[in-house]
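Structure data (CSV, C-alpha atoms and all ligand atoms) from coords-v7.csv:
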chain,number,residue,atom,x,y,z
N,1,MET,CA,12.8,-11.8,-27.8
N,2,THR,CA,9.4,-10.1,-28.2
N,3,THR,CA,9.1,-6.4,-27.3
N,4,PRO,CA,7.4,-5.9,-24.0
N,5,PHE,CA,4.4,-3.6,-23.5
N,6,LEU,CA,6.6,-1.0,-22.0
N,7,SER,CA,10.2,-0.8,-23.0
N,8,VAL,CA,12.8,1.5,-21.4
N,9,GLU,CA,15.8,1.7,-23.7
N,10,ARG,CA,19.2,3.0,-22.7
N,11,LEU,CA,17.8,5.7,-20.5
N,12,SER,CA,20.3,8.2,-19.0
N,13,GLN,CA,19.7,11.2,-16.8
N,14,ARG,CA,22.3,13.9,-16.1
N,15,TYR,CA,22.0,17.2,-14.3
N,16,PRO,CA,24.4,20.1,-14.1
N,17,ASP,CA,26.6,19.7,-11.0
N,18,GLY,CA,26.7,23.5,-10.3
N,19,GLU,CA,30.5,23.6,-11.0
N,20,GLY,CA,30.3,23.6,-14.8
N,21,GLY,CA,30.2,19.8,-15.1
N,22,GLN,CA,27.5,17.1,-14.9
N,23,THR,CA,26.3,14.5,-12.5
N,24,THR,CA,25.1,11.3,-14.0
N,25,ILE,CA,22.1,10.0,-12.0
N,26,PHE,CA,21.8,6.8,-14.0
N,27,GLU,CA,23.1,5.6,-17.4
N,28,ASN,CA,22.0,3.3,-20.2
N,29,ALA,CA,19.2,1.8,-18.1
N,30,SER,CA,17.1,-0.7,-20.0
N,31,PHE,CA,14.2,-2.8,-18.8
N,32,GLY,CA,10.8,-3.9,-19.9
N,33,ILE,CA,7.3,-4.3,-18.3
N,34,GLU,CA,4.7,-6.7,-19.6
N,35,ARG,CA,1.1,-5.8,-20.0
N,36,GLY,CA,-0.8,-6.4,-16.8
N,37,GLU,CA,2.3,-6.7,-14.7
N,38,PHE,CA,2.7,-5.1,-11.3
N,39,VAL,CA,6.3,-3.9,-11.0
N,40,VAL,CA,7.8,-2.3,-8.0
N,41,ILE,CA,11.2,-0.4,-7.9
N,42,LEU,CA,13.3,-0.3,-4.8
N,43,GLY,CA,16.5,1.6,-4.2
N,44,HIS,CA,18.1,4.0,-1.8
N,45,SER,CA,17.1,7.6,-1.6
N,46,GLY,CA,18.6,9.6,-4.5
N,47,CYS,CA,19.2,6.7,-6.9
N,48,GLY,CA,16.7,8.1,-9.4
N,49,LYS,CA,13.4,6.2,-8.9
N,50,SER,CA,11.2,9.3,-9.1
N,51,THR,CA,13.2,10.5,-12.1
N,52,ILE,CA,12.5,7.3,-13.9
N,53,MET,CA,8.8,7.5,-12.9
N,54,ASN,CA,8.6,11.1,-14.1
N,55,ILE,CA,10.1,10.1,-17.5
N,56,LEU,CA,7.6,7.2,-17.8
N,57,ALA,CA,4.8,9.7,-17.0
N,58,GLY,CA,6.0,12.1,-19.6
N,59,LEU,CA,6.5,14.8,-17.0
N,60,ALA,CA,10.3,14.9,-17.5
N,61,GLU,CA,12.6,14.3,-20.4
N,62,ALA,CA,15.6,11.9,-20.2
N,63,SER,CA,19.0,13.2,-21.2
N,64,GLU,CA,19.4,10.1,-23.5
N,65,GLY,CA,17.3,7.1,-24.4
N,66,VAL,CA,13.6,6.4,-25.1
N,67,VAL,CA,10.6,4.9,-23.5
N,68,ILE,CA,8.2,3.0,-25.8
N,69,MET,CA,4.7,2.2,-24.6
N,70,ASP,CA,2.4,0.0,-26.6
N,71,GLY,CA,4.5,0.7,-29.7
N,72,LYS,CA,4.6,4.5,-29.3
N,73,GLU,CA,7.4,6.7,-27.9
N,74,VAL,CA,6.4,8.4,-24.6
N,75,SER,CA,6.6,12.2,-25.0
N,76,GLY,CA,4.6,14.5,-22.7
N,77,PRO,CA,1.8,13.6,-20.3
N,78,SER,CA,-1.2,11.7,-21.4
N,79,LEU,CA,-4.4,10.1,-20.0
N,80,ASP,CA,-2.9,6.8,-21.1
N,81,ARG,CA,-0.7,7.1,-18.0
N,82,GLY,CA,-2.3,7.8,-14.6
N,83,VAL,CA,-0.1,8.9,-11.7
N,84,VAL,CA,-0.8,8.7,-7.9
N,85,PHE,CA,1.6,10.7,-5.8
N,86,GLN,CA,2.2,10.5,-2.0
N,87,ASN,CA,0.6,13.9,-1.5
N,88,TYR,CA,-2.7,12.9,-3.1
N,89,SER,CA,-2.8,15.6,-5.7
N,90,LEU,CA,-6.5,16.0,-5.5
N,91,LEU,CA,-8.1,19.3,-6.5
N,92,PRO,CA,-8.9,20.9,-3.2
N,93,TRP,CA,-12.0,22.9,-4.4
N,94,LEU,CA,-13.8,19.8,-5.7
N,95,SER,CA,-15.6,17.1,-3.7
N,96,ALA,CA,-14.3,13.5,-3.6
N,97,LEU,CA,-16.8,12.5,-6.2
N,98,LYS,CA,-16.1,15.5,-8.5
N,99,ASN,CA,-12.4,14.8,-8.3
N,100,VAL,CA,-13.2,11.5,-10.0
N,101,THR,CA,-16.0,12.6,-12.3
N,102,PHE,CA,-13.8,15.4,-13.6
N,103,ALA,CA,-11.1,12.8,-14.7
N,104,VAL,CA,-13.7,10.3,-16.1
N,105,ALA,CA,-15.5,13.0,-18.2
N,106,ALA,CA,-12.1,14.1,-19.6
N,107,ARG,CA,-11.2,10.5,-20.4
N,108,TYR,CA,-14.6,9.5,-21.9
N,109,PRO,CA,-15.9,12.7,-23.5
N,110,ASP,CA,-18.8,10.8,-25.2
N,111,TRP,CA,-20.3,9.4,-22.1
N,112,SER,CA,-23.6,10.7,-20.6
N,113,LYS,CA,-23.6,12.5,-17.3
N,114,ASP,CA,-25.2,9.4,-15.7
N,115,GLN,CA,-22.6,7.1,-17.1
N,116,VAL,CA,-19.8,9.3,-15.8
N,117,LEU,CA,-21.5,9.5,-12.4
N,118,SER,CA,-22.2,5.8,-11.9
N,119,HIS,CA,-18.7,4.8,-13.1
N,120,SER,CA,-17.1,7.2,-10.7
N,121,LYS,CA,-19.3,6.1,-7.7
N,122,LYS,CA,-18.5,2.5,-8.5
N,123,HIS,CA,-14.7,3.2,-8.3
N,124,LEU,CA,-15.1,5.1,-5.0
N,125,GLU,CA,-17.0,2.2,-3.6
N,126,MET,CA,-14.4,-0.2,-4.8
N,127,VAL,CA,-11.7,1.4,-2.6
N,128,GLY,CA,-14.0,1.2,0.5
N,129,LEU,CA,-15.5,4.7,0.5
N,130,SER,CA,-19.2,5.1,1.4
N,131,ALA,CA,-21.7,7.4,-0.2
N,132,ASP,CA,-21.8,9.7,2.8
N,133,VAL,CA,-18.2,11.0,2.1
N,134,PHE,CA,-18.6,11.5,-1.7
N,135,HIS,CA,-19.6,15.1,-1.3
N,136,ARG,CA,-16.8,16.0,1.1
N,137,LYS,CA,-13.9,18.2,0.0
N,138,PRO,CA,-10.3,16.8,0.4
N,139,SER,CA,-9.7,18.9,3.5
N,140,GLN,CA,-12.7,17.2,5.1
N,141,LEU,CA,-11.3,13.7,4.5
N,142,SER,CA,-8.7,11.8,6.5
N,143,GLY,CA,-5.3,11.1,4.8
N,144,GLY,CA,-6.3,7.5,4.1
N,145,MET,CA,-9.6,8.6,2.6
N,146,ARG,CA,-7.8,11.1,0.4
N,147,GLN,CA,-5.5,8.5,-0.8
N,148,ARG,CA,-8.4,6.2,-1.6
N,149,VAL,CA,-9.9,8.9,-3.7
N,150,SER,CA,-6.6,9.2,-5.6
N,151,ILE,CA,-6.5,5.5,-6.2
N,152,ALA,CA,-10.2,5.4,-7.3
N,153,ARG,CA,-9.6,8.3,-9.7
N,154,ALA,CA,-6.5,6.6,-11.2
N,155,PHE,CA,-8.3,3.2,-11.8
N,156,SER,CA,-11.5,4.9,-13.0
N,157,ILE,CA,-9.8,6.2,-16.2
N,158,SER,CA,-8.2,2.7,-16.9
N,159,PRO,CA,-4.8,4.2,-17.9
N,160,LYS,CA,-2.6,1.9,-20.0
N,161,LEU,CA,0.0,2.4,-17.3
N,162,LEU,CA,-0.6,3.3,-13.7
N,163,LEU,CA,2.3,5.0,-11.9
N,164,LEU,CA,2.3,4.9,-8.1
N,165,ASP,CA,4.9,7.1,-6.4
N,166,GLU,CA,5.0,6.0,-2.7
N,167,PRO,CA,1.2,6.3,-2.6
N,168,PHE,CA,1.0,5.1,1.0
N,169,GLY,CA,4.1,6.9,2.3
N,170,ALA,CA,2.2,9.4,4.4
N,171,LEU,CA,-0.3,6.9,6.0
N,172,ASP,CA,-0.2,5.2,9.4
N,173,ALA,CA,0.6,1.4,9.4
N,174,LEU,CA,-2.9,0.2,9.9
N,175,THR,CA,-4.5,2.4,7.2
N,176,ARG,CA,-1.6,1.5,4.9
N,177,GLY,CA,-2.3,-2.2,5.4
N,178,THR,CA,-6.0,-1.9,4.6
N,179,ILE,CA,-5.4,0.2,1.5
N,180,GLN,CA,-2.7,-2.2,0.3
N,181,ASP,CA,-5.3,-5.0,0.5
N,182,GLU,CA,-7.9,-2.8,-1.3
N,183,LEU,CA,-5.4,-1.9,-4.0
N,184,LEU,CA,-4.7,-5.6,-4.6
N,185,LYS,CA,-8.4,-6.4,-4.9
N,186,VAL,CA,-9.0,-3.6,-7.3
N,187,TRP,CA,-5.9,-4.5,-9.3
N,188,ALA,CA,-6.9,-8.2,-9.5
N,189,GLY,CA,-10.2,-7.3,-11.2
N,190,THR,CA,-8.4,-5.3,-14.0
N,191,ASN,CA,-5.6,-6.0,-16.5
N,192,GLN,CA,-3.9,-2.8,-15.2
N,193,THR,CA,-0.1,-2.5,-15.7
N,194,VAL,CA,1.4,-0.9,-12.6
N,195,PHE,CA,4.8,0.6,-11.9
N,196,MET,CA,5.3,1.6,-8.3
N,197,ILE,CA,7.9,3.2,-6.0
N,198,THR,CA,8.0,2.3,-2.4
N,199,HIS,CA,10.6,2.1,0.4
N,200,ASP,CA,8.8,-0.7,2.2
N,201,ILE,CA,10.1,-4.1,1.4
N,202,ASP,CA,7.1,-6.0,2.8
N,203,GLU,CA,4.7,-3.8,0.8
N,204,ALA,CA,6.8,-4.5,-2.3
N,205,ILE,CA,6.7,-8.3,-1.8
N,206,LEU,CA,2.9,-8.3,-1.1
N,207,LEU,CA,2.1,-6.3,-4.2
N,208,ALA,CA,4.6,-7.1,-6.9
N,209,ASP,CA,5.0,-9.6,-9.7
N,210,ARG,CA,8.6,-8.4,-10.0
N,211,ILE,CA,10.8,-6.1,-8.0
N,212,LEU,CA,13.5,-4.0,-9.7
N,213,LEU,CA,16.5,-3.3,-7.5
N,214,MET,CA,18.6,-0.2,-8.1
N,215,THR,CA,22.2,0.3,-7.0
N,216,ASN,CA,23.2,3.5,-5.3
N,217,GLY,CA,23.7,6.7,-7.3
N,218,PRO,CA,25.4,8.4,-8.9
N,219,PHE,CA,25.7,6.1,-12.0
N,220,ALA,CA,22.8,4.1,-10.5
N,221,ARG,CA,21.7,0.9,-12.3
N,222,VAL,CA,18.7,-1.3,-12.2
N,223,ALA,CA,20.8,-4.3,-11.3
N,224,GLU,CA,18.3,-7.0,-10.6
N,225,SER,CA,14.8,-8.0,-11.4
N,226,VAL,CA,13.5,-10.3,-8.6
N,227,GLU,CA,10.5,-12.5,-9.4
N,228,ILE,CA,8.0,-12.8,-6.6
N,229,THR,CA,7.4,-16.5,-6.6
N,230,ILE,CA,4.4,-16.4,-4.3
N,231,PRO,CA,1.0,-17.2,-5.8
N,232,ARG,CA,-2.0,-14.8,-5.8
N,233,PRO,CA,-4.4,-14.0,-4.3
N,234,ARG,CA,-2.1,-12.8,-1.5
N,235,ASN,CA,-2.9,-11.1,1.8
N,236,ARG,CA,-0.7,-9.5,4.4
N,237,ILE,CA,-1.4,-12.1,7.1
N,238,GLU,CA,-0.9,-15.3,5.2
N,239,ILE,CA,1.9,-14.2,2.8
N,240,VAL,CA,4.6,-14.4,5.5
N,241,GLU,CA,3.9,-18.1,5.9
N,242,HIS,CA,4.8,-18.9,2.4
N,243,PRO,CA,8.2,-20.7,2.2
N,244,ASN,CA,9.5,-18.2,-0.3
N,245,TYR,CA,8.6,-15.1,1.7
N,246,TYR,CA,11.7,-14.8,4.0
N,247,ALA,CA,14.0,-16.2,1.3
N,248,ILE,CA,13.0,-13.3,-1.0
N,249,ARG,CA,12.9,-10.8,1.8
N,250,ASN,CA,16.4,-11.7,2.9
N,251,HIS,CA,17.7,-11.4,-0.6
N,252,LEU,CA,16.2,-7.9,-0.9
N,253,VAL,CA,17.6,-6.8,2.5
N,254,GLN,CA,21.0,-8.1,1.5
N,255,PHE,CA,20.9,-6.2,-1.8
N,256,LEU,CA,19.8,-2.9,-0.2
N,257,GLY,CA,22.1,-3.3,2.8
N,258,LYS,CA,25.2,-4.4,1.0
N,259,HIS,CA,25.2,-5.1,-2.8
N,260,SER,CA,23.5,-1.8,-3.7
N,261,LYS,CA,26.7,-0.1,-2.4
N,262,GLU,CA,29.2,-2.7,-3.7
N,263,LEU,CA,27.8,-2.6,-7.2
N,264,ALA,CA,27.6,1.2,-7.3
N,265,GLY,CA,29.5,3.2,-9.9
N,266,PRO,CA,29.8,3.5,-13.6
N,267,THR,CA,30.1,0.4,-15.9
N,268,ASP,CA,31.5,0.1,-19.4
N,269,ALA,CA,28.4,-1.6,-20.7
N,270,VAL,CA,26.6,0.1,-23.6
N,271,GLU,CA,23.3,-1.1,-22.0
N,272,ASN,CA,22.6,-1.9,-18.4
N,273,ARG,CA,19.9,-4.6,-18.2
N,274,PRO,CA,18.9,-6.2,-14.9
N,275,GLU,CA,19.6,-9.8,-14.2
N,276,THR,CA,16.6,-11.9,-13.4
N,277,VAL,CA,16.6,-13.5,-10.0
N,278,ARG,CA,14.2,-16.3,-9.2
N,279,ILE,CA,14.1,-17.7,-5.7
N,280,ASP,CA,11.8,-20.6,-5.2
N,281,LYS,CA,12.1,-22.9,-2.2
N,282,THR,CA,9.1,-24.9,-3.4
N,283,ALA,CA,10.9,-26.0,-6.6
N,284,PRO,CA,12.8,-29.3,-6.3
N,285,ALA,CA,16.6,-28.9,-5.7
N,286,ALA,CA,16.3,-25.1,-5.4
N,287,ARG,CA,18.4,-24.1,-2.5
N,288,SER,CA,20.0,-20.8,-3.6
N,289,PRO,CA,18.9,-17.9,-5.7
N,290,LYS,CA,19.2,-18.6,-9.4
N,291,LYS,CA,20.4,-15.8,-11.7
N,292,LEU,CA,19.5,-15.8,-15.3
N,293,ALA,CA,20.8,-13.4,-17.9
N,294,VAL,CA,18.0,-11.6,-19.8
O,301,LIG,N1,16.0,19.0,-11.6
O,301,LIG,C1,17.1,18.5,-11.0
O,301,LIG,N2,18.3,19.1,-11.0
O,301,LIG,C2,19.4,18.6,-10.4
O,301,LIG,N3,19.4,17.4,-9.8
O,301,LIG,C3,18.2,16.7,-9.7
O,301,LIG,C4,17.0,17.2,-10.3
O,301,LIG,N4,16.0,16.3,-10.0
O,301,LIG,C5,16.6,15.3,-9.3
O,301,LIG,N5,17.9,15.5,-9.1
O,301,LIG,C6,18.8,14.6,-8.4
O,301,LIG,O1,18.7,13.4,-9.0
O,301,LIG,C7,18.9,12.4,-8.0
O,301,LIG,C8,17.7,11.4,-8.1
O,301,LIG,O2,16.6,12.0,-7.6
O,301,LIG,P1,15.2,11.2,-7.5
O,301,LIG,O3,14.2,12.1,-6.8
O,301,LIG,O4,14.8,10.6,-8.8
O,301,LIG,O5,15.6,10.0,-6.5
O,301,LIG,P2,14.8,8.9,-5.7
O,301,LIG,O6,15.5,7.6,-5.9
O,301,LIG,O7,13.4,9.0,-6.2
O,301,LIG,O8,14.9,9.4,-4.2
O,301,LIG,P3,13.9,9.3,-3.0
O,301,LIG,O9,13.8,7.8,-2.7
O,301,LIG,O10,14.6,10.1,-1.9
O,301,LIG,O11,12.6,9.9,-3.4
O,301,LIG,C9,19.0,13.1,-6.7
O,301,LIG,O12,20.4,13.1,-6.4
O,301,LIG,C10,18.5,14.4,-7.0
O,301,LIG,O13,19.1,15.4,-6.2
Can you turn what I pasted into structure tokens?
Ligand SMILES: Nc1ncnc2c1ncn2[C@@H]1O[C@H](COP(=O)(O)OP(=O)(O)OP(=O)(O)O)[C@@H](O)[C@H]1O
Amino acid sequence: MTTPFLSVERLSQRYPDGEGGQTTIFENASFGIERGEFVVILGHSGCGKSTIMNILAGLAEASEGVVIMDGKEVSGPSLDRGVVFQNYSLLPWLSALKNVTFAVAARYPDWSKDQVLSHSKKHLEMVGLSADVFHRKPSQLSGGMRQRVSIARAFSISPKLLLLDEPFGALDALTRGTIQDELLKVWAGTNQTVFMITHDIDEAILLADRILLMTNGPFARVAESVEITIPRPRNRIEIVEHPNYYAIRNHLVQFLGKHSKELAGPTDAVENRPETVRIDKTAPAARSPKKLAV
């Protein structure tokens, strides 16, 4: 087996339980992400999704295990990994445009001012922002606009890995839908590798190449890797008509509603790797989910 672009190897996270012992959030988690893949992680609150993301970002250290990205161990934050959080994390004293140029200038220190400016404007336009809002401060923008700026900024520095932590969680359903479509368009034009957390099953199916499913904590595991067997380009309206859509959706609902609890708890395995699940109603003789060991 070849090494994937990003390789999470036997990652464990434990915290003091306040009574002299330790709580194990997850243990020996191993999975890989290929270059250019869009991977979404789903699991109940508290299973450790944000903890995994913070470790991938280099913002937190695992109790055990390593993360290797592009042949190098992840240690500490880097411009190689861009993060978009739910709460936008824009610098409040800078305009929308300056929030982007600031990042672009740091990423490409050799670029001229004009290069930085035109690159930044192009990315703001790509997420549907018009020039009349470029000079507004974050407090003068709507929640949807702020999140567009965050996404533009993240893509503008072409990080090797883009980490999205519930980026649309605070938005109303209509805005959320529009920005999902914009994110898909921007992503399709790049070879960007994305790892995203969401609680929204439909959003996960729309965006992902693969969905990682976590069991409930403590001792949570990434138990399954579900392939999204729906061709791209996708859009929110048409995707529900694809024969695989509800089959995949039902599988995810069953997992989160039932199996995530049944499978919970520690295992004896030295390494917990997800099983690959491929559901394809369009393939001949495919009636039930197929599980393959990876
Ligand atoms: N610094 C810390 N000290 C102790 N416990 C922590 C710490 N950080 C996280 N935890 C615990 O680790 C567990 C996993 O937290 P995490 O935020 O990763 O979960 P999550 O799956 O992202 O949850 P949510 O979906 O609610 O955001 C939780 O039980 C949380 O209380």
Skipping near chain neighbours, those fewer than 5 positions away, what residues fall within 7 Å of Glu34 of chain N using only C-alpha atoms, listed as a PDB file with C-alpha atoms, keeping the file's coordinate frame?
ATOM      1  CA  PRO N   4       7.400  -5.900 -24.000  1.00  0.00           C
ATOM      2  CA  PHE N   5       4.400  -3.600 -23.500  1.00  0.00           C
ATOM      3  CA  LEU N   6       6.600  -1.000 -22.000  1.00  0.00           C
TER       4      LEU N   6
END
Each chain N residue no farther than 10 Å from ligand LIG 301 (chain O), nearest pair in Å, all atoms listed in the file, as a tab-separated table:
residue	atom	partner	partner_atom	distance
N:Gln13	CA	O:LIG301	O1	8.2
N:Arg14	CA	O:LIG301	N3	7.8
N:Tyr15	CA	O:LIG301	C2	4.9
N:Pro16	CA	O:LIG301	C2	6.4
N:Asp17	CA	O:LIG301	C2	7.3
N:Gly18	CA	O:LIG301	C2	8.8
N:Gln22	CA	O:LIG301	C2	9.4
N:Thr23	CA	O:LIG301	N3	8.0
N:Thr24	CA	O:LIG301	O1	8.4
N:Ile25	CA	O:LIG301	C7	5.7
N:Phe26	CA	O:LIG301	C8	8.5
N:Ile41	CA	O:LIG301	O6	9.3
N:Leu42	CA	O:LIG301	O6	8.3
N:Gly43	CA	O:LIG301	O6	6.3
N:His44	CA	O:LIG301	O9	5.8
N:Ser45	CA	O:LIG301	O9	3.5
N:Gly46	CA	O:LIG301	O5	3.6
N:Cys47	CA	O:LIG301	O6	3.9
N:Gly48	CA	O:LIG301	O4	3.2
N:Lys49	CA	O:LIG301	O7	3.9
N:Ser50	CA	O:LIG301	O7	3.7
N:Thr51	CA	O:LIG301	O4	3.7
N:Ile52	CA	O:LIG301	O4	6.5
N:Met53	CA	O:LIG301	O4	7.9
N:Asn54	CA	O:LIG301	O4	8.2
N:Ile55	CA	O:LIG301	O4	9.9
N:Ala60	CA	O:LIG301	N1	9.2
N:Asp165	CA	O:LIG301	O7	8.7
N:Glu166	CA	O:LIG301	O11	8.6
N:Ile197	CA	O:LIG301	O7	8.0
N:Thr198	CA	O:LIG301	O9	8.0
N:His199	CA	O:LIG301	O9	7.2
N:Met214	CA	O:LIG301	O6	8.7
N:Thr215	CA	O:LIG301	O6	10.0
N:Asn216	CA	O:LIG301	O6	8.7
N:Gly217	CA	O:LIG301	O12	7.3
N:Pro218	CA	O:LIG301	O12	7.3
N:Ala220	CA	O:LIG301	C8	9.2
Given the selection you just returned, output its residues as a file containing C-alpha atoms, formatted as a compact mmCIF listing (two decimals), in the coordinates of the input.
# COMPACT_ATOMS: atom_id res chain seq x y z
CA GLN N 13 19.70 11.20 -16.80
CA ARG N 14 22.30 13.90 -16.10
CA TYR N 15 22.00 17.20 -14.30
CA PRO N 16 24.40 20.10 -14.10
CA ASP N 17 26.60 19.70 -11.00
CA GLY N 18 26.70 23.50 -10.30
CA GLN N 22 27.50 17.10 -14.90
CA THR N 23 26.30 14.50 -12.50
CA THR N 24 25.10 11.30 -14.00
CA ILE N 25 22.10 10.00 -12.00
CA PHE N 26 21.80 6.80 -14.00
CA ILE N 41 11.20 -0.40 -7.90
CA LEU N 42 13.30 -0.30 -4.80
CA GLY N 43 16.50 1.60 -4.20
CA HIS N 44 18.10 4.00 -1.80
CA SER N 45 17.10 7.60 -1.60
CA GLY N 46 18.60 9.60 -4.50
CA CYS N 47 19.20 6.70 -6.90
CA GLY N 48 16.70 8.10 -9.40
CA LYS N 49 13.40 6.20 -8.90
CA SER N 50 11.20 9.30 -9.10
CA THR N 51 13.20 10.50 -12.10
CA ILE N 52 12.50 7.30 -13.90
CA MET N 53 8.80 7.50 -12.90
CA ASN N 54 8.60 11.10 -14.10
CA ILE N 55 10.10 10.10 -17.50
CA ALA N 60 10.30 14.90 -17.50
CA ASP N 165 4.90 7.10 -6.40
CA GLU N 166 5.00 6.00 -2.70
CA ILE N 197 7.90 3.20 -6.00
CA THR N 198 8.00 2.30 -2.40
CA HIS N 199 10.60 2.10 0.40
CA MET N 214 18.60 -0.20 -8.10
CA THR N 215 22.20 0.30 -7.00
CA ASN N 216 23.20 3.50 -5.30
CA GLY N 217 23.70 6.70 -7.30
CA PRO N 218 25.40 8.40 -8.90
CA ALA N 220 22.80 4.10 -10.50
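With atom CA of Val277 of chain N on one side and atom CA of Glu224 of chain N on the other, the separation reads 6.7 Å.
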* To do: Find the residue from N:Arg10, N:Lys121, N:His242, N:Arg210 that sits nearest to Thr282 of chain N; use all atoms listed in the file when measuring.
  =>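 Of the candidates, the smallest distance to Thr282 of chain N is held by N:His242.
The shortest atom-to-atom distance to Val226 of chain N, with all atoms listed in the file taken into account, belongs to N:Thr276 out of N:Ser158, N:Thr267, N:Gln147, N:Thr276.
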* Of the residues N:Asn244, N:Gln180, N:Ser120, N:Ser30, which is the one nearest to Leu206 of chain N, using only C-alpha atoms? ->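 Ranking N:Asn244, N:Gln180, N:Ser120, N:Ser30 by distance to Leu206 of chain N, first place goes to N:Gln180.
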* To do: Measuring atom to atom with all atoms listed in the file, identify which of N:Gln115, N:Ser150, N:Asn28, N:Ser78 is nearest to Leu129 of chain N.
  =>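 When distances to Leu129 of chain N are compared using all atoms listed in the file, the smallest one comes from N:Ser150.
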Mind listing as a PDB file with C-alpha atoms, keeping the file's coordinate frame all residues within 9 Å of (9.2, 12.4, -21.2), counting all atoms listed in the file?
ATOM      1  CA  ASN N  54       8.600  11.100 -14.100  1.00  0.00           C
ATOM      2  CA  ILE N  55      10.100  10.100 -17.500  1.00  0.00           C
ATOM      3  CA  LEU N  56       7.600   7.200 -17.800  1.00  0.00           C
ATOM      4  CA  ALA N  57       4.800   9.700 -17.000  1.00  0.00           C
ATOM      5  CA  GLY N  58       6.000  12.100 -19.600  1.00  0.00           C
ATOM      6  CA  LEU N  59       6.500  14.800 -17.000  1.00  0.00           C
ATOM      7  CA  ALA N  60      10.300  14.900 -17.500  1.00  0.00           C
ATOM      8  CA  GLU N  61      12.600  14.300 -20.400  1.00  0.00           C
ATOM      9  CA  ALA N  62      15.600  11.900 -20.200  1.00  0.00           C
ATOM     10  CA  VAL N  66      13.600   6.400 -25.100  1.00  0.00           C
ATOM     11  CA  VAL N  67      10.600   4.900 -23.500  1.00  0.00           C
ATOM     12  CA  GLU N  73       7.400   6.700 -27.900  1.00  0.00           C
ATOM     13  CA  VAL N  74       6.400   8.400 -24.600  1.00  0.00           C
ATOM     14  CA  SER N  75       6.600  12.200 -25.000  1.00  0.00           C
ATOM     15  CA  GLY N  76       4.600  14.500 -22.700  1.00  0.00           C
ATOM     16  CA  PRO N  77       1.800  13.600 -20.300  1.00  0.00           C
TER      17      PRO N  77
END
* Have a look at atom CA of Lys281 of chain N and atom CA of Asp209 of chain N and let me know their distance in Å, one decimal. =>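 Separating atom CA of Lys281 of chain N from atom CA of Asp209 of chain N is a distance of 16.8 Å.
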* Asked: Out of N:Ala283, N:Val100, N:Val270, N:Ser260, which residue has the shortest atom-to-atom distance to Glu9 of chain N when counting only C-alpha atoms?
  ->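 That would be N:Val270, the residue with the smallest distance to Glu9 of chain N.
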